[in-house]
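Structure file work.csv; described as CSV, C-alpha atoms.
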chain,number,residue,atom,x,y,z
A,261,MET,CA,76.2,23.1,-40.0
A,262,THR,CA,75.6,25.2,-43.1
A,263,ARG,CA,79.1,24.5,-44.3
A,264,ARG,CA,78.6,20.8,-44.0
A,265,ILE,CA,75.4,20.9,-46.0
A,266,LEU,CA,77.0,23.0,-48.7
A,267,MET,CA,80.0,20.7,-48.8
A,268,THR,CA,77.7,17.7,-49.2
A,269,LEU,CA,75.7,19.3,-51.9
A,270,LEU,CA,78.9,20.4,-53.7
A,271,LEU,CA,80.3,16.9,-53.6
A,272,ALA,CA,77.1,15.3,-54.7
A,273,THR,CA,76.7,17.6,-57.6
A,274,LEU,CA,80.4,17.4,-58.7
A,275,LEU,CA,80.5,13.6,-58.4
A,276,MET,CA,77.3,13.0,-60.3
A,277,ALA,CA,78.9,14.9,-63.2
A,278,PRO,CA,82.7,15.2,-62.7
A,279,LEU,CA,83.6,18.8,-63.1
A,280,PRO,CA,86.6,20.7,-61.9
A,281,LEU,CA,86.2,22.2,-58.4
A,282,ASP,CA,88.0,25.5,-59.2
A,283,GLY,CA,85.9,26.4,-62.3
A,284,ARG,CA,88.7,25.8,-64.9
A,285,PRO,CA,87.9,23.8,-68.0
A,286,ALA,CA,88.1,20.0,-67.6
A,287,ALA,CA,90.9,20.0,-70.1
A,288,SER,CA,93.3,21.2,-67.4
A,289,ALA,CA,95.7,18.4,-66.8
A,290,GLU,CA,96.1,19.3,-63.1
A,291,VAL,CA,92.3,19.4,-62.4
A,292,GLY,CA,91.7,16.3,-64.4
A,293,LYS,CA,94.3,14.4,-62.4
A,294,ARG,CA,92.8,15.5,-59.1
A,295,LEU,CA,89.3,14.5,-60.1
A,296,ARG,CA,89.9,11.3,-62.1
A,297,PRO,CA,89.8,9.0,-59.0
A,298,LEU,CA,86.5,10.6,-57.9
A,299,ALA,CA,84.8,10.6,-61.3
A,300,GLN,CA,82.3,7.8,-60.5
A,301,ARG,CA,78.5,8.2,-60.3
A,302,SER,CA,77.6,8.7,-56.6
A,303,TYR,CA,74.2,8.1,-55.2
A,304,SER,CA,74.6,9.2,-51.6
A,305,VAL,CA,77.1,11.3,-49.7
A,306,ARG,CA,77.7,11.4,-45.9
A,307,VAL,CA,80.2,13.8,-44.3
A,308,ALA,CA,81.8,13.1,-40.9
A,309,LYS,CA,85.0,14.4,-39.3
A,310,GLY,CA,86.4,16.0,-42.5
A,311,ARG,CA,85.7,12.9,-44.6
A,312,ALA,CA,83.1,12.4,-47.3
A,313,TYR,CA,81.7,8.9,-47.7
A,314,LEU,CA,80.3,8.4,-51.2
A,315,ALA,CA,78.0,5.5,-52.2
A,316,ALA,CA,79.1,5.0,-55.8
A,317,THR,CA,79.0,2.6,-58.7
A,318,VAL,CA,82.4,1.2,-57.7
A,319,GLY,CA,81.5,0.9,-54.0
A,320,LEU,CA,82.3,3.2,-51.1
A,321,ARG,CA,84.7,6.1,-51.8
A,322,ILE,CA,86.3,7.7,-48.8
A,323,VAL,CA,87.5,11.3,-49.6
A,324,ASP,CA,89.4,13.8,-47.4
A,325,VAL,CA,87.4,17.0,-47.7
A,326,ARG,CA,89.1,19.1,-45.1
A,327,ARG,CA,90.5,21.3,-47.9
A,328,ALA,CA,87.5,21.8,-50.1
A,329,ASN,CA,89.5,22.9,-53.1
A,330,LYS,CA,91.7,19.8,-53.0
A,331,PRO,CA,89.6,16.7,-52.2
A,332,ARG,CA,91.9,13.6,-51.8
A,333,LEU,CA,90.8,10.0,-52.2
A,334,LEU,CA,91.8,8.1,-49.1
A,335,GLY,CA,90.4,4.7,-50.0
A,336,THR,CA,87.8,2.6,-51.7
A,337,VAL,CA,85.7,-0.4,-50.5
A,338,VAL,CA,84.7,-2.5,-53.5
A,339,VAL,CA,81.4,-4.3,-53.3
A,340,ALA,CA,79.6,-6.7,-55.7
A,341,GLU,CA,76.9,-4.2,-56.6
A,342,SER,CA,76.8,-0.4,-56.9
A,343,LEU,CA,75.8,1.2,-53.6
A,344,ASN,CA,72.5,2.9,-53.1
A,345,ASP,CA,73.2,4.5,-49.7
A,346,VAL,CA,75.8,4.8,-47.0
A,347,TRP,CA,75.5,5.5,-43.3
A,348,VAL,CA,78.6,6.4,-41.3
A,349,GLU,CA,79.0,5.9,-37.5
A,350,PRO,CA,82.1,7.6,-36.2
A,351,LEU,CA,82.5,6.8,-32.5
A,352,ARG,CA,83.9,9.3,-30.1
A,353,ARG,CA,86.0,7.0,-28.0
A,354,ALA,CA,88.5,4.3,-28.9
A,355,GLU,CA,87.7,0.8,-27.7
A,356,LYS,CA,91.3,0.4,-26.3
A,357,PRO,CA,93.5,3.1,-24.9
A,358,GLY,CA,95.9,4.5,-27.5
A,359,ASP,CA,93.8,3.3,-30.5
A,360,LYS,CA,92.0,5.6,-32.9
A,361,PRO,CA,88.2,5.9,-32.4
A,362,PRO,CA,86.6,3.5,-34.8
A,363,VAL,CA,84.5,4.5,-37.8
A,364,TYR,CA,81.9,2.1,-39.1
A,365,ALA,CA,80.2,2.3,-42.5
A,366,TYR,CA,76.8,0.7,-43.3
A,367,LEU,CA,76.4,0.1,-47.0
A,368,ALA,CA,73.1,-0.5,-48.8
A,369,ALA,CA,74.1,-2.8,-51.7
A,370,GLY,CA,70.8,-3.3,-53.5
A,371,PRO,CA,70.0,-7.0,-54.0
A,372,HIS,CA,73.2,-8.0,-52.1
A,373,GLY,CA,71.8,-6.6,-48.8
A,374,VAL,CA,73.7,-4.5,-46.3
A,375,GLU,CA,77.4,-4.7,-45.5
A,376,ILE,CA,79.0,-3.3,-42.4
A,377,HIS,CA,82.6,-2.2,-42.6
A,378,ASP,CA,85.3,-0.9,-40.3
A,379,VAL,CA,86.6,2.1,-42.2
A,380,THR,CA,88.8,3.6,-39.5
A,381,LEU,CA,91.8,3.1,-41.8
A,382,PRO,CA,90.6,3.9,-45.3
A,383,LYS,CA,93.4,2.0,-47.1
A,384,ARG,CA,92.8,-1.1,-44.9
A,385,THR,CA,89.0,-1.4,-44.4
A,386,LYS,CA,87.5,-4.6,-43.1
A,387,ARG,CA,84.1,-6.1,-43.7
A,388,LEU,CA,82.6,-7.0,-40.4
A,389,SER,CA,79.3,-8.6,-41.6
A,390,ARG,CA,76.7,-8.8,-44.3
A,391,ILE,CA,73.0,-8.8,-43.8
A,392,LYS,CA,70.9,-10.6,-46.4
A,393,THR,CA,67.7,-8.5,-46.8
A,394,ARG,CA,64.4,-9.9,-48.2
A,395,GLY,CA,64.2,-7.0,-50.7
A,396,SER,CA,66.7,-4.6,-52.3
A,397,ALA,CA,68.6,-2.5,-49.7
A,398,ASN,CA,67.9,1.0,-51.0
A,399,ALA,CA,68.4,3.3,-48.1
A,400,LEU,CA,69.6,3.2,-44.5
A,401,ALA,CA,69.2,5.1,-41.2
A,402,LEU,CA,70.9,4.3,-37.9
A,403,ASP,CA,69.5,5.1,-34.4
A,404,LYS,CA,72.0,4.2,-31.7
A,405,THR,CA,72.0,0.4,-32.1
A,406,GLU,CA,69.1,0.0,-34.5
A,407,LEU,CA,69.6,-0.1,-38.2
A,408,TYR,CA,66.6,0.7,-40.4
A,409,VAL,CA,66.8,-0.6,-44.0
A,410,ALA,CA,64.4,0.5,-46.8
A,411,ALA,CA,64.1,-2.9,-48.5
A,412,GLY,CA,61.9,-2.3,-51.5
A,413,HIS,CA,58.8,-4.4,-51.7
A,414,ALA,CA,59.8,-6.1,-48.4
A,415,GLY,CA,59.1,-2.8,-46.5
A,416,VAL,CA,61.4,-1.4,-43.8
A,417,ALA,CA,63.5,-4.0,-42.0
A,418,ILE,CA,64.9,-3.3,-38.5
A,419,TYR,CA,68.2,-4.9,-37.2
A,420,ASP,CA,70.0,-4.7,-33.9
A,421,VAL,CA,73.6,-3.9,-34.7
A,422,THR,CA,74.9,-3.7,-31.1
A,423,ASP,CA,77.4,-6.4,-32.2
A,424,ARG,CA,78.4,-5.3,-35.7
A,425,THR,CA,79.8,-8.7,-36.5
A,426,ARG,CA,76.5,-10.4,-35.9
A,427,PRO,CA,73.5,-8.1,-36.6
A,428,LYS,CA,70.1,-9.5,-35.5
A,429,TRP,CA,66.8,-9.1,-37.3
A,430,ARG,CA,64.2,-7.4,-35.1
A,431,ALA,CA,61.2,-6.6,-37.2
A,432,VAL,CA,59.8,-5.6,-40.5
A,433,VAL,CA,57.4,-2.8,-41.2
A,434,LYS,CA,55.2,-3.6,-44.2
A,435,THR,CA,54.8,-0.3,-46.1
A,436,GLY,CA,52.3,-1.5,-48.7
A,437,CYS,CA,54.5,0.2,-51.3
A,438,TYR,CA,58.1,0.1,-52.6
A,439,ALA,CA,60.4,1.4,-49.8
A,440,ARG,CA,63.1,3.7,-51.3
A,441,GLY,CA,64.0,5.8,-48.3
A,442,VAL,CA,64.0,5.8,-44.6
A,443,SER,CA,64.6,8.4,-41.8
A,444,VAL,CA,64.5,8.2,-38.1
A,445,TYR,CA,63.5,11.1,-35.9
A,446,GLY,CA,63.3,11.5,-32.2

This entry written out as structure tokens:
Amino acid sequence: MTRRILMTLLLATLLMAPLPLDGRPAASAEVGKRLRPLAQRSYSVRVAKGRAYLAATVGLRIVDVRRANKPRLLGTVVVAESLNDVWVEPLRRAEKPGDKPPVYAYLAAGPHGVEIHDVTLPKRTKRLSRIKTRGSANALALDKTELYVAAGHAGVAIYDVTDRTRPKWRAVVKTGCYARGVSVYG
């Protein structure tokens, strides 16, 4: 657990200000080449199964971090707005025998709402649905099949994502202030 937290902090720090991972000066051609694809401002990082999912100005960046000294960009999901947050749901079982277990990413895209993508194959991601939120989608939390969205002045919106292709609005919690973050415990 500690290794995952440290890796997340390392990635968040490095990707906010692109620096070489091995401490050499940024002028090093080899280090610069490795980091150039990752050198976008990142707002949120989630790590699951050896991959880091970065909510960035260009969209979602999926990075292989199994070898911490050599992160490798696996794919990018381009969205209309820079992302505020990402939530990743890797499933343990494949839906069909012989398939890879699916990985779903929930993307908080500010005024463009929330997008749900299948990111099982990072080079061939697929958008499954888009949720239009009443406020700006700032942060996300997932609890089994309920997606919680910190939606700015609109409060915290709750959606049922049992069917990821057709999310259903369940409720909104008026916060009385601008909702920037959300967490679910219990």

Which protein, DNA or RNA residues are at most 7 Å from (62.5, -8.1, -39.6) in the file's coordinates when you count only C-alpha atoms, listed as an MDAnalysis selection string? chainID A and resid 417:419 429:432

Write out as a PyMOL selection string each polymer residue whose atoms come within 10 Å of Lys392 (chain A), counting all atoms listed in the file; drop sequence neighbours fewer than 4 positions from it. chain A and resi 369+371-375+396-397

Using only C-alpha atoms, list the residues that have an atom at most 8 Å from (75.1, -0.5, -42.5), coordinates as in the file, as a PyMOL selection string. chain A and resi 346-348+365-368+374-377+400+402+407

Hey, which of A:Ala354, A:Val363, A:Ala308, A:Val379 ends up closest to Leu320 (chain A)? Count only C-alpha atoms. A:Val379

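One finds CA of Ile322 (chain A) at 11.6 Å from CA of Arg384 (chain A).
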
For Ala411 (chain A), work out the shell of residues within 8 Å, counting all atoms listed in the file and skipping chain neighbours fewer than 2 positions away, then give it as a JSON list (two decimals) with C-alpha atoms, in the coordinates of the input.
[["chain", "number", "residue", "atom", "x", "y", "z"],
["A", 393, "THR", "CA", 67.70, -8.50, -46.80],
["A", 394, "ARG", "CA", 64.40, -9.90, -48.20],
["A", 395, "GLY", "CA", 64.20, -7.00, -50.70],
["A", 396, "SER", "CA", 66.70, -4.60, -52.30],
["A", 397, "ALA", "CA", 68.60, -2.50, -49.70],
["A", 398, "ASN", "CA", 67.90, 1.00, -51.00],
["A", 399, "ALA", "CA", 68.40, 3.30, -48.10],
["A", 409, "VAL", "CA", 66.80, -0.60, -44.00],
["A", 413, "HIS", "CA", 58.80, -4.40, -51.70],
["A", 414, "ALA", "CA", 59.80, -6.10, -48.40],
["A", 415, "GLY", "CA", 59.10, -2.80, -46.50],
["A", 416, "VAL", "CA", 61.40, -1.40, -43.80],
["A", 417, "ALA", "CA", 63.50, -4.00, -42.00],
["A", 438, "TYR", "CA", 58.10, 0.10, -52.60],
["A", 439, "ALA", "CA", 60.40, 1.40, -49.80],
["A", 440, "ARG", "CA", 63.10, 3.70, -51.30]]

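CA of Thr380 (chain A) to CA of Val338 (chain A) spans 15.8 Å [interatomic distance, one decimal].
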
In Å, with one decimal, what is the gap from CA of Val433 (chain A) to CA of Ser389 (chain A)? 22.7 Å

Residue among A:Thr336, A:Ser342, A:Thr422, A:Thr405 lying closest to Val323 (chain A), counting only C-alpha atoms: A:Thr336

Considering all atoms listed in the file, can you say which of A:Val325, A:Val442, A:Leu381, A:Cys437 comes closest to Asp345 (chain A)? A:Val442

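If all atoms listed in the file are the atoms counted, then among A:Val318, A:Leu333, A:Lys309, A:Asp324 the closest residue to Leu351 (chain A) is A:Lys309.
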
A:Arg311, A:Lys386, A:Glu349, A:Ala316 ranked by distance to Pro331 (chain A), top pick (using all atoms listed in the file):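 Going through A:Arg311, A:Lys386, A:Glu349, A:Ala316 one by one, the smallest distance to Pro331 (chain A) is for A:Arg311.
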
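Minimum atom-to-atom distances from A:Gly319, A:Tyr303, A:Lys383, A:Gly310 to Leu334 (chain A) were compared using all atoms listed in the file, and the lowest value belongs to A:Lys383.
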